[in-house]
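Participant: So that you have it, the file is upload-v9.csv, and it contains CSV, C-alpha atoms:
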```
chain,number,residue,atom,x,y,z
R,142,MET,CA,23.8,392.8,-42.3
R,143,PRO,CA,26.7,395.0,-41.5
R,144,ASP,CA,29.4,395.7,-44.0
R,145,ARG,CA,32.4,393.5,-43.4
R,146,THR,CA,34.9,395.6,-45.3
R,147,TYR,CA,37.4,396.4,-42.6
R,148,LEU,CA,40.0,399.1,-42.9
R,149,GLY,CA,43.6,398.2,-42.7
R,150,GLU,CA,46.0,400.1,-40.5
R,151,PHE,CA,47.6,401.9,-43.4
R,152,GLU,CA,44.2,402.6,-45.1
R,153,LEU,CA,42.9,404.1,-41.9
R,154,MET,CA,45.9,406.4,-41.5
R,155,ILE,CA,45.5,407.6,-45.1
R,156,LEU,CA,41.8,408.3,-44.6
R,157,LEU,CA,42.6,410.3,-41.5
R,158,ALA,CA,45.3,412.2,-43.4
R,159,VAL,CA,42.8,412.9,-46.3
R,160,LEU,CA,40.3,414.2,-43.7
R,161,HIS,CA,42.9,416.4,-42.0
R,162,LEU,CA,44.2,417.9,-45.2
R,163,GLY,CA,40.8,418.7,-46.6
R,164,ASP,CA,41.0,420.4,-50.1
R,165,GLU,CA,44.8,420.0,-50.2
R,166,ALA,CA,44.8,416.2,-50.1
R,167,TYR,CA,47.0,414.9,-52.9
R,168,GLY,CA,49.9,412.5,-53.0
R,169,VAL,CA,52.7,414.8,-51.6
R,170,PRO,CA,50.9,416.2,-48.6
R,171,ILE,CA,49.4,412.9,-47.7
R,172,SER,CA,52.8,411.2,-47.8
R,173,ARG,CA,54.3,414.0,-45.7
R,174,GLU,CA,51.5,413.8,-43.2
R,175,LEU,CA,52.1,410.1,-42.8
R,176,GLU,CA,55.9,410.5,-42.6
R,177,ARG,CA,55.5,413.2,-39.9
R,178,HIS,CA,53.3,411.0,-37.7
R,179,ARG,CA,55.0,407.7,-38.3
R,180,GLY,CA,58.5,409.1,-38.1
R,181,ARG,CA,59.8,407.2,-41.2
R,182,ASP,CA,59.8,407.4,-44.9
R,183,VAL,CA,56.7,406.5,-46.8
R,184,SER,CA,56.6,405.2,-50.4
R,185,VAL,CA,54.4,407.5,-52.5
R,186,GLY,CA,53.7,404.5,-54.7
R,187,SER,CA,52.2,402.6,-51.7
R,188,VAL,CA,50.1,405.6,-50.8
R,189,TYR,CA,48.7,405.7,-54.3
R,190,ALA,CA,48.1,402.0,-54.2
R,191,ALA,CA,46.2,402.3,-51.0
R,192,LEU,CA,44.2,405.3,-52.3
R,193,GLU,CA,43.2,403.4,-55.4
R,194,ARG,CA,42.1,400.5,-53.2
R,195,LEU,CA,40.0,402.9,-51.1
R,196,GLU,CA,38.6,404.5,-54.2
R,197,GLY,CA,37.7,401.0,-55.5
R,198,LYS,CA,35.8,400.4,-52.2
R,199,GLY,CA,34.1,403.8,-52.6
R,200,LEU,CA,35.6,405.3,-49.5
R,201,VAL,CA,37.4,408.1,-51.3
R,202,ALA,CA,36.9,409.9,-54.6
R,203,SER,CA,39.4,411.7,-56.7
R,204,SER,CA,39.6,414.5,-59.2
R,205,LEU,CA,42.4,415.9,-61.3
R,206,GLY,CA,43.7,419.5,-60.8
R,207,ASP,CA,45.4,421.6,-63.4
R,208,PRO,CA,48.9,420.6,-64.7
R,209,THR,CA,51.7,422.8,-63.2
R,210,PRO,CA,55.2,423.4,-64.6
R,211,GLU,CA,57.0,422.5,-61.3
R,212,ARG,CA,55.4,419.0,-61.7
R,213,GLY,CA,56.6,418.6,-65.2
R,214,GLY,CA,53.2,419.5,-66.6
R,215,LYS,CA,51.5,416.7,-64.7
R,216,ALA,CA,48.3,417.4,-62.9
R,217,LYS,CA,47.7,416.8,-59.2
R,218,ARG,CA,45.2,414.2,-58.2
R,219,TYR,CA,43.1,415.4,-55.3
R,220,PHE,CA,41.3,413.0,-53.0
R,221,ARG,CA,38.4,413.5,-50.8
R,222,ILE,CA,36.6,411.2,-48.4
R,223,THR,CA,33.1,410.0,-49.3
R,224,LYS,CA,30.1,409.6,-47.0
R,225,GLU,CA,30.8,405.9,-46.8
R,226,GLY,CA,34.4,406.5,-46.1
R,227,LEU,CA,33.5,408.8,-43.2
R,228,ARG,CA,31.1,406.3,-41.8
R,229,GLN,CA,33.8,403.6,-41.9
R,230,VAL,CA,36.3,405.9,-40.1
R,231,HIS,CA,33.8,406.5,-37.3
R,232,GLU,CA,32.9,402.8,-37.1
R,233,THR,CA,36.6,401.8,-36.9
R,234,ARG,CA,37.2,404.5,-34.3
R,235,ARG,CA,34.2,403.2,-32.2
R,236,VAL,CA,35.4,399.6,-32.3
R,237,LEU,CA,39.0,400.5,-31.6
R,238,THR,CA,38.1,402.8,-28.7
R,239,GLN,CA,35.9,400.1,-27.1
R,240,LEU,CA,38.7,397.5,-27.5
R,241,TRP,CA,41.2,399.9,-25.9
R,242,GLN,CA,38.9,400.7,-23.0
R,243,LYS,CA,38.4,397.1,-22.2
R,244,LEU,CA,42.1,396.5,-22.0
R,245,PRO,CA,43.7,396.2,-18.5
R,246,GLU,CA,46.5,398.6,-17.8
R,247,LEU,CA,49.5,397.6,-19.9
R,248,LYS,CA,52.8,397.2,-18.1
R,249,GLY,CA,56.0,398.3,-19.7
R,250,GLU,CA,54.3,400.4,-22.4
R,251,PRO,CA,56.5,402.8,-24.3
R,252,ILE,CA,56.5,406.4,-23.1
L,26,MET,CA,60.9,405.6,-66.6
L,27,LEU,CA,58.0,405.3,-64.1
L,28,GLU,CA,55.4,405.9,-66.8
L,29,HIS,CA,56.9,403.4,-69.3
L,30,SER,CA,57.9,400.7,-66.8
L,31,THR,CA,54.7,400.3,-64.9
L,32,PRO,CA,52.1,397.9,-66.2
L,33,GLY,CA,48.5,398.8,-66.1
L,34,PRO,CA,47.0,402.3,-66.2
L,35,ARG,CA,49.5,405.1,-66.1
L,36,ASN,CA,49.6,407.2,-63.0
L,37,GLU,CA,50.8,410.6,-64.1
L,38,ALA,CA,49.8,412.2,-60.8
L,39,LEU,CA,52.3,409.9,-59.0
L,40,ALA,CA,55.1,410.9,-61.4
L,41,GLY,CA,54.2,414.5,-60.9
L,42,ASP,CA,54.3,414.1,-57.1
L,43,LEU,CA,57.7,412.6,-57.2
L,44,LEU,CA,59.0,415.4,-59.4
L,45,GLU,CA,57.5,418.0,-57.2
L,46,GLU,CA,59.1,416.5,-54.1
L,47,PHE,CA,62.5,416.2,-55.8
L,48,ARG,CA,62.4,419.8,-56.9
L,49,GLN,CA,61.6,420.8,-53.3
L,50,GLY,CA,64.9,419.4,-52.1
L,51,ARG,CA,64.6,415.6,-51.8
L,52,SER,CA,67.8,413.7,-52.7
L,53,VAL,CA,68.5,411.8,-55.9
L,54,GLY,CA,68.6,408.6,-53.8
L,55,TRP,CA,65.2,409.3,-52.4
L,56,TYR,CA,63.8,409.9,-55.9
L,57,TRP,CA,65.2,406.6,-57.2
L,58,ARG,CA,64.1,404.6,-54.2
L,59,GLN,CA,60.6,406.0,-54.7
L,60,THR,CA,60.6,405.4,-58.4
L,61,LEU,CA,61.7,401.7,-58.1
L,62,ALA,CA,59.3,401.1,-55.2
L,63,ALA,CA,56.4,402.6,-57.3
L,64,ILE,CA,57.4,400.3,-60.2
L,65,ALA,CA,57.5,397.2,-57.9
L,66,ILE,CA,54.2,398.1,-56.3
L,67,ALA,CA,52.6,398.5,-59.7
L,68,CYS,CA,53.9,395.2,-60.9
L,69,ILE,CA,52.7,393.4,-57.8
L,70,ARG,CA,49.3,395.0,-58.1
L,71,GLU,CA,49.0,393.9,-61.8
L,72,ILE,CA,49.9,390.3,-60.8
L,73,LEU,CA,47.3,390.4,-58.0
L,74,ASN,CA,44.7,391.8,-60.4
L,75,HIS,CA,45.3,388.9,-62.7
L,76,ARG,CA,45.6,386.2,-60.0
L,77,ALA,CA,42.6,384.2,-61.2
L,78,MET,CA,44.0,384.1,-64.7
L,79,LEU,CA,47.4,383.1,-63.4
L,80,LEU,CA,46.0,380.3,-61.3
L,81,PHE,CA,43.9,379.0,-64.2
L,82,ALA,CA,46.9,379.1,-66.5
L,83,VAL,CA,49.0,377.1,-64.0
L,84,LEU,CA,46.2,374.5,-63.5
L,85,TRP,CA,45.4,374.2,-67.2
L,86,SER,CA,49.1,373.8,-68.2
L,87,MET,CA,49.2,370.9,-65.7
L,88,LEU,CA,47.2,369.0,-68.3
L,89,ALA,CA,49.8,369.7,-71.0
L,90,PRO,CA,52.0,366.6,-70.5
L,91,GLY,CA,48.8,364.4,-70.7
L,92,TRP,CA,47.8,366.2,-73.9
L,93,ASP,CA,51.3,365.7,-75.3
L,94,PHE,CA,51.2,362.0,-74.4
L,95,LEU,CA,47.8,361.7,-76.0
L,96,ILE,CA,48.7,363.5,-79.1
L,97,GLU,CA,52.0,361.8,-79.5
L,98,LYS,CA,50.1,358.5,-80.2
L,99,VAL,CA,48.2,360.2,-82.9
L,100,GLU,CA,51.0,362.2,-84.3
L,101,HIS,CA,53.2,359.2,-84.8
L,102,ASN,CA,50.6,357.0,-86.2
L,103,PRO,CA,52.0,356.0,-89.6
L,104,SER,CA,48.6,355.5,-91.2
L,105,LEU,CA,47.6,359.0,-90.3
L,106,PHE,CA,50.7,361.1,-90.7
L,107,GLY,CA,53.1,358.7,-92.3
L,108,PRO,CA,52.6,360.2,-95.8
L,109,MET,CA,53.4,363.6,-94.4
L,110,TRP,CA,56.8,362.4,-93.3
L,111,THR,CA,57.7,361.0,-96.6
L,112,LEU,CA,57.5,364.5,-98.2
L,113,ALA,CA,60.7,365.9,-99.6
L,114,TRP,CA,62.8,368.0,-97.3
L,115,PRO,CA,62.1,370.8,-96.2
L,116,TRP,CA,58.4,370.2,-96.6
L,117,SER,CA,58.4,367.2,-94.2
L,118,THR,CA,60.0,369.3,-91.5
L,119,LEU,CA,57.8,372.2,-92.1
L,120,ALA,CA,54.7,370.0,-92.1
L,121,ALA,CA,55.8,368.3,-88.8
L,122,LEU,CA,56.5,371.7,-87.2
L,123,GLY,CA,53.2,373.1,-88.4
L,124,LEU,CA,51.3,370.1,-87.1
L,125,SER,CA,53.0,370.4,-83.7
L,126,LEU,CA,52.2,374.1,-83.5
L,127,LEU,CA,48.6,373.5,-84.5
L,128,ILE,CA,48.2,370.8,-81.9
L,129,GLY,CA,49.7,373.0,-79.2
L,130,ALA,CA,47.5,375.9,-80.3
L,131,VAL,CA,44.4,373.8,-80.1
L,132,PHE,CA,45.3,373.0,-76.4
L,133,ILE,CA,45.8,376.7,-75.6
L,134,TRP,CA,42.6,377.8,-77.4
L,135,ALA,CA,40.6,375.1,-75.5
L,136,GLY,CA,42.1,376.5,-72.3
L,137,MET,CA,41.1,380.1,-73.3
L,138,LEU,CA,37.6,378.9,-74.1
L,139,VAL,CA,37.2,377.2,-70.7
L,140,TYR,CA,38.6,380.3,-69.0
L,141,LEU,CA,36.1,382.6,-70.8
L,142,VAL,CA,33.2,380.3,-69.9
L,143,LEU,CA,34.3,380.1,-66.3
L,144,HIS,CA,34.4,383.9,-66.2
L,145,GLY,CA,30.9,384.5,-67.5
L,146,SER,CA,31.1,388.2,-66.7
L,147,LEU,CA,34.2,388.5,-68.8
L,148,VAL,CA,32.5,386.9,-71.8
L,149,ARG,CA,29.8,389.4,-71.7
L,150,GLY,CA,32.2,392.3,-71.5
L,151,ILE,CA,34.7,391.2,-74.1
L,152,SER,CA,34.9,392.6,-77.6
L,153,LEU,CA,35.4,390.4,-80.7
L,154,ARG,CA,38.5,392.5,-81.6
L,155,ARG,CA,40.1,391.7,-78.3
L,156,LEU,CA,39.3,388.1,-78.6
L,157,ARG,CA,40.8,387.9,-82.1
L,158,MET,CA,43.9,389.7,-80.8
L,159,SER,CA,44.2,387.3,-77.9
L,160,ILE,CA,44.0,384.3,-80.2
L,161,ALA,CA,46.7,385.8,-82.4
L,162,LEU,CA,48.8,386.5,-79.3
L,163,SER,CA,48.4,383.0,-78.1
L,164,LEU,CA,49.7,381.7,-81.5
L,165,THR,CA,52.7,384.1,-81.7
L,166,GLY,CA,53.5,383.5,-78.0
L,167,PHE,CA,53.4,379.7,-78.5
L,168,ILE,CA,55.6,379.9,-81.6
L,169,ALA,CA,58.1,382.1,-79.8
L,170,VAL,CA,58.3,379.9,-76.7
L,171,SER,CA,58.4,376.7,-78.8
L,172,ALA,CA,61.2,378.1,-80.9
L,173,ALA,CA,63.1,379.0,-77.8
L,174,MET,CA,62.6,375.5,-76.4
L,175,PHE,CA,63.5,374.0,-79.8
L,176,ALA,CA,66.7,376.0,-79.9
L,177,LEU,CA,67.5,374.9,-76.3
L,178,THR,CA,66.8,371.3,-77.2
L,179,LEU,CA,68.5,370.9,-80.5
L,180,LEU,CA,70.6,373.8,-81.6
L,181,LEU,CA,72.5,374.8,-78.6
L,182,PRO,CA,74.7,371.9,-77.8
L,183,VAL,CA,76.2,371.2,-81.2
L,184,THR,CA,75.1,373.5,-83.9
L,185,GLY,CA,75.0,371.8,-87.2
L,186,HIS,CA,75.1,368.2,-86.0
L,187,ALA,CA,71.7,368.4,-84.4
L,188,ILE,CA,70.2,370.0,-87.5
L,189,ILE,CA,71.0,366.9,-89.4
L,190,GLY,CA,68.5,365.1,-87.3
L,191,LEU,CA,65.9,367.8,-87.9
L,192,GLY,CA,62.9,366.0,-89.5
L,193,LEU,CA,62.8,362.6,-91.0
L,194,ASN,CA,63.6,363.7,-94.5
L,195,SER,CA,66.6,365.8,-93.7
L,196,SER,CA,69.3,366.9,-96.0
L,197,LEU,CA,70.8,363.4,-95.6
L,198,ALA,CA,67.7,361.9,-97.2
L,199,PRO,CA,66.6,363.9,-100.2
L,200,ASP,CA,65.3,360.7,-101.8
L,201,ALA,CA,62.2,360.3,-99.8
L,202,PRO,CA,63.0,357.6,-97.3
L,203,LYS,CA,60.7,354.7,-96.5
L,204,TYR,CA,58.9,354.9,-93.2
L,205,GLU,CA,58.1,352.0,-90.9
L,206,GLY,CA,56.4,352.1,-87.5
L,207,LYS,CA,56.5,349.6,-84.7
L,208,LYS,CA,55.2,350.3,-81.2
L,209,ASN,CA,56.9,353.4,-79.9
L,210,ARG,CA,60.1,352.9,-81.8
L,211,TYR,CA,60.2,353.7,-85.4
L,212,TRP,CA,62.8,353.2,-88.1
L,213,THR,CA,63.3,355.1,-91.1
L,214,TYR,CA,66.1,354.9,-93.7
L,215,HIS,CA,68.3,357.5,-95.1
L,216,TYR,CA,69.6,356.8,-98.5
L,217,VAL,CA,73.2,358.0,-98.7
L,218,ARG,CA,75.2,358.2,-101.9
L,219,GLN,CA,78.6,356.7,-101.5
L,220,VAL,CA,81.5,355.6,-103.7
L,221,ASP,CA,81.9,351.9,-103.7
L,222,PRO,CA,85.5,351.3,-102.6
L,223,GLN,CA,85.8,348.1,-104.7
L,224,THR,CA,84.3,349.2,-107.9
L,225,GLY,CA,84.9,352.9,-107.6
L,226,LYS,CA,81.3,353.6,-108.8
L,227,PRO,CA,78.7,355.7,-106.9
L,228,VAL,CA,76.2,353.5,-105.0
L,229,VAL,CA,73.2,354.3,-102.8
L,230,VAL,CA,73.4,352.8,-99.3
L,231,ARG,CA,70.4,352.4,-97.0
L,232,SER,CA,71.3,353.7,-93.6
L,233,PRO,CA,68.8,353.0,-90.8
L,234,VAL,CA,67.8,355.8,-88.4
L,235,GLN,CA,65.9,355.0,-85.2
L,236,ILE,CA,63.4,357.4,-83.7
L,237,ASP,CA,62.6,356.9,-80.1
L,238,THR,CA,59.3,358.6,-79.3
L,239,SER,CA,60.1,358.6,-75.6
L,240,ASP,CA,62.6,361.4,-76.4
L,241,PHE,CA,61.4,364.8,-75.4
L,242,TYR,CA,61.4,365.9,-79.0
L,243,PRO,CA,61.2,362.9,-81.2
L,244,TYR,CA,63.2,364.0,-84.1
L,245,ALA,CA,65.3,361.6,-85.9
L,246,SER,CA,68.9,361.8,-85.0
L,247,PRO,CA,71.8,359.4,-85.6
L,248,ALA,CA,72.1,357.0,-82.6
L,249,PRO,CA,73.3,357.6,-80.0
L,250,ALA,CA,71.0,360.6,-79.5
L,251,THR,CA,72.8,363.9,-79.3
L,252,PRO,CA,72.8,365.1,-75.7
L,253,THR,CA,70.9,368.3,-75.3
L,254,PRO,CA,70.0,370.4,-72.2
L,255,LEU,CA,66.4,369.2,-72.1
L,256,SER,CA,67.0,365.6,-73.2
L,257,GLU,CA,69.5,365.3,-70.4
L,258,ILE,CA,66.7,365.8,-67.9
L,259,LYS,CA,65.9,362.3,-66.5
L,260,ASP,CA,63.5,363.2,-63.7
L,261,THR,CA,59.9,362.7,-64.9
L,262,SER,CA,58.4,365.5,-62.8
L,263,THR,CA,61.1,368.0,-64.1
L,264,ARG,CA,60.4,366.9,-67.6
L,265,ALA,CA,56.7,367.4,-67.1
L,266,ILE,CA,57.4,371.0,-65.8
L,267,VAL,CA,59.5,371.7,-68.9
L,268,ALA,CA,56.8,370.3,-71.1
L,269,ARG,CA,54.3,372.6,-69.5
L,270,LEU,CA,56.4,375.7,-69.9
L,271,PRO,CA,55.5,376.7,-73.5
L,272,TYR,CA,51.8,376.2,-72.7
L,273,LEU,CA,51.9,378.1,-69.5
L,274,LEU,CA,53.8,381.1,-70.9
L,275,SER,CA,51.6,381.3,-74.0
L,276,MET,CA,48.4,381.1,-72.0
L,277,ILE,CA,49.5,383.8,-69.6
L,278,TYR,CA,50.6,385.9,-72.6
L,279,ALA,CA,47.3,385.5,-74.4
L,280,LEU,CA,45.0,385.8,-71.4
L,281,TRP,CA,46.7,388.8,-69.8
L,282,GLY,CA,44.9,391.2,-72.1
L,283,LEU,CA,41.6,389.3,-71.8
L,284,SER,CA,41.4,389.3,-68.0
L,285,SER,CA,41.2,393.0,-67.6
L,286,LEU,CA,41.2,394.8,-64.3
L,287,PRO,CA,38.5,394.0,-61.8
L,288,ASN,CA,35.4,396.2,-62.0
L,289,ARG,CA,36.4,398.2,-59.0
L,290,TYR,CA,39.4,399.5,-60.9
L,291,ARG,CA,37.5,400.3,-64.1
L,292,ARG,CA,35.7,403.2,-62.5
L,293,THR,CA,36.0,406.3,-64.6
L,294,ARG,CA,37.8,409.0,-62.7
L,295,THR,CA,36.6,412.5,-63.0
```
If you convert what's in this file into structure tokens, what do you get?
Facilitator:
Amino acid sequence: MPDRTYLGEFELMILLAVLHLGDEAYGVPISRELERHRGRDVSVGSVYAALERLEGKGLVASSLGDPTPERGGKAKRYFRITKEGLRQVHETRRVLTQLWQKLPELKGEPI
Amino acid sequence: MLEHSTPGPRNEALAGDLLEEFRQGRSVGWYWRQTLAAIAIACIREILNHRAMLLFAVLWSMLAPGWDFLIEKVEHNPSLFGPMWTLAWPWSTLAALGLSLLIGAVFIWAGMLVYLVLHGSLVRGISLRRLRMSIALSLTGFIAVSAAMFALTLLLPVTGHAIIGLGLNSSLAPDAPKYEGKKNRYWTYHYVRQVDPQTGKPVVVRSPVQIDTSDFYPYASPAPATPTPLSEIKDTSTRAIVARLPYLLSMIYALWGLSSLPNRYRRTRT
């Protein structure tokens, strides 16, 4: 039976940002990446909340870096996508692509 | 502020991220918005993590008015607790308060037991130390909330006057008054020392005091009953909600520690 844990829009965006950032995926760059593409402010707290949800589902894993002075001696928490996370991203992409392809041409779509 | 104001596990990485961004040129306004948003998100997440417990506490506390009604019959049974009420002040008052607290605590402990049984997985994973702490928390929480309710009921409107009605053997009746019960209305007598205006000699006068057990807090008070914020509530459903409040808050207080995070959040991070 297929896994019915579907990714939310925000979760999918975060997974894609984590994939794109690779080894540099921690709170600040992930938030900046999302801000850059969405064009509006992102709450870092909500990014962490989503990342913890994803970690709970086993789609990402995290590890702590070394504490640095510019961060007040607090360590960075790096995230990386798991095999299952990658599978779900591909699955979501496949479903979304199929759905988009089946749509008739949209009138009045934004440029 | 972020580390100390957020419930649940601390997220130092988040605090570090905000600091890093701030030092790289973000505004003070941005920093505060992010901090407040992070606190709000953490609070909401904690509430959602405890949603089963909160729902149970709400449902269990719905039984509280029924429990109060049931217990009131027993508590005001002269053959059972009459002798306790004839104790000298302040022992009568202390005994009455102790009995009320114990009866309330029994209801809360029963609720905790039912909750633990319903959450079979929680029972297996719980330590005896946490259980003991939770029981102690339930008692202190119930005492604190009951004291607040008591103050709201009796002490706020007219300090002093209401205290006179505290307990059956109050300072007006140091001579151990007689106690008589009849249906849901009880009469007791305060023996007041007065000077006889005719003879000029001190005499003891028996002054009747009526207790109406339909009062929210059935303490003796000179008729007419002193109006208080809670006794002024006439609507039955509102009174039921008020009666549930100490039980609801105490149960949430006690069960919060017991109903720990769901397994998916317990994962040890490397």
Participant: Neighbourhood query: residues within 12 Å of (44.7, 366.4, -74.0), file coordinates, counting only C-alpha atoms; return as an mmCIF file with C-alpha atoms, keeping the file's coordinate frame.
Facilitator:
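Written file, result_21.cif:
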```
data_model
loop_
_atom_site.group_PDB
_atom_site.id
_atom_site.type_symbol
_atom_site.label_atom_id
_atom_site.label_comp_id
_atom_site.auth_asym_id
_atom_site.auth_seq_id
_atom_site.Cartn_x
_atom_site.Cartn_y
_atom_site.Cartn_z
ATOM 1 C CA TRP L 85 45.400 374.200 -67.200
ATOM 2 C CA SER L 86 49.100 373.800 -68.200
ATOM 3 C CA MET L 87 49.200 370.900 -65.700
ATOM 4 C CA LEU L 88 47.200 369.000 -68.300
ATOM 5 C CA ALA L 89 49.800 369.700 -71.000
ATOM 6 C CA PRO L 90 52.000 366.600 -70.500
ATOM 7 C CA GLY L 91 48.800 364.400 -70.700
ATOM 8 C CA TRP L 92 47.800 366.200 -73.900
ATOM 9 C CA ASP L 93 51.300 365.700 -75.300
ATOM 10 C CA PHE L 94 51.200 362.000 -74.400
ATOM 11 C CA LEU L 95 47.800 361.700 -76.000
ATOM 12 C CA ILE L 96 48.700 363.500 -79.100
ATOM 13 C CA GLU L 97 52.000 361.800 -79.500
ATOM 14 C CA LYS L 98 50.100 358.500 -80.200
ATOM 15 C CA VAL L 99 48.200 360.200 -82.900
ATOM 16 C CA ILE L 128 48.200 370.800 -81.900
ATOM 17 C CA GLY L 129 49.700 373.000 -79.200
ATOM 18 C CA ALA L 130 47.500 375.900 -80.300
ATOM 19 C CA VAL L 131 44.400 373.800 -80.100
ATOM 20 C CA PHE L 132 45.300 373.000 -76.400
ATOM 21 C CA ILE L 133 45.800 376.700 -75.600
ATOM 22 C CA ALA L 135 40.600 375.100 -75.500
ATOM 23 C CA GLY L 136 42.100 376.500 -72.300
#
```
Participant: Using all atoms listed in the file - which residues lie no farther than 12 Å from the point (37.9, 401.3, -37.5) in the file's frame? Write them as a PDB file with C-alpha atoms, keeping the file's coordinate frame.
Facilitator:
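The resulting selection-v1.pdb:
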```pdb
ATOM      1  CA  ARG R 145      32.400 393.500 -43.400  1.00  0.00           C
ATOM      2  CA  THR R 146      34.900 395.600 -45.300  1.00  0.00           C
ATOM      3  CA  TYR R 147      37.400 396.400 -42.600  1.00  0.00           C
ATOM      4  CA  LEU R 148      40.000 399.100 -42.900  1.00  0.00           C
ATOM      5  CA  GLY R 149      43.600 398.200 -42.700  1.00  0.00           C
ATOM      6  CA  GLU R 150      46.000 400.100 -40.500  1.00  0.00           C
ATOM      7  CA  PHE R 151      47.600 401.900 -43.400  1.00  0.00           C
ATOM      8  CA  GLU R 152      44.200 402.600 -45.100  1.00  0.00           C
ATOM      9  CA  LEU R 153      42.900 404.100 -41.900  1.00  0.00           C
ATOM     10  CA  MET R 154      45.900 406.400 -41.500  1.00  0.00           C
ATOM     11  CA  LEU R 156      41.800 408.300 -44.600  1.00  0.00           C
ATOM     12  CA  LEU R 157      42.600 410.300 -41.500  1.00  0.00           C
ATOM     13  CA  GLY R 226      34.400 406.500 -46.100  1.00  0.00           C
ATOM     14  CA  LEU R 227      33.500 408.800 -43.200  1.00  0.00           C
ATOM     15  CA  ARG R 228      31.100 406.300 -41.800  1.00  0.00           C
ATOM     16  CA  GLN R 229      33.800 403.600 -41.900  1.00  0.00           C
ATOM     17  CA  VAL R 230      36.300 405.900 -40.100  1.00  0.00           C
ATOM     18  CA  HIS R 231      33.800 406.500 -37.300  1.00  0.00           C
ATOM     19  CA  GLU R 232      32.900 402.800 -37.100  1.00  0.00           C
ATOM     20  CA  THR R 233      36.600 401.800 -36.900  1.00  0.00           C
ATOM     21  CA  ARG R 234      37.200 404.500 -34.300  1.00  0.00           C
ATOM     22  CA  ARG R 235      34.200 403.200 -32.200  1.00  0.00           C
ATOM     23  CA  VAL R 236      35.400 399.600 -32.300  1.00  0.00           C
ATOM     24  CA  LEU R 237      39.000 400.500 -31.600  1.00  0.00           C
ATOM     25  CA  THR R 238      38.100 402.800 -28.700  1.00  0.00           C
ATOM     26  CA  GLN R 239      35.900 400.100 -27.100  1.00  0.00           C
ATOM     27  CA  LEU R 240      38.700 397.500 -27.500  1.00  0.00           C
TER      28      LEU R 240
END
```
Participant: Report as a ChimeraX atom specification the set of chain R residues whose atoms approach chain L to within 6 Å, with distances computed over all atoms listed in the file.
Facilitator: /R:169,184,186,197,204,212,215-218
Participant: Between CA of Ala166 (chain R) and CA of Tyr219 (chain R), measure the distance and give it in Å to one decimal.
Facilitator: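 Here the two named atoms are 5.5 Å from each other.
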Participant: For Ala191 (chain R), which of R:Ile155, R:Trp241, R:Tyr167, R:Pro208 is the closest residue, counting all atoms listed in the file?
Facilitator: R:Ile155
Participant: Enter the distance from CA of Glu28 (chain L) to CA of Ser159 (chain L), in Å, rounded to one decimal.
Facilitator: 24.4 Å
Participant: Have a look at L:Val220, L:Leu274, L:Val83, L:Leu283 and name the one nearest to Ile151 (chain L); count all atoms listed in the file.
Facilitator: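 Among the listed residues, L:Leu283 lies closest to Ile151 (chain L).
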Participant: What separation in Å, quoted to one decimal, exists between CA of Val139 (chain L) and CA of Ile277 (chain L)?
Facilitator: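 CA of Ile277 (chain L) lies at a distance of 14.0 Å from CA of Val139 (chain L).
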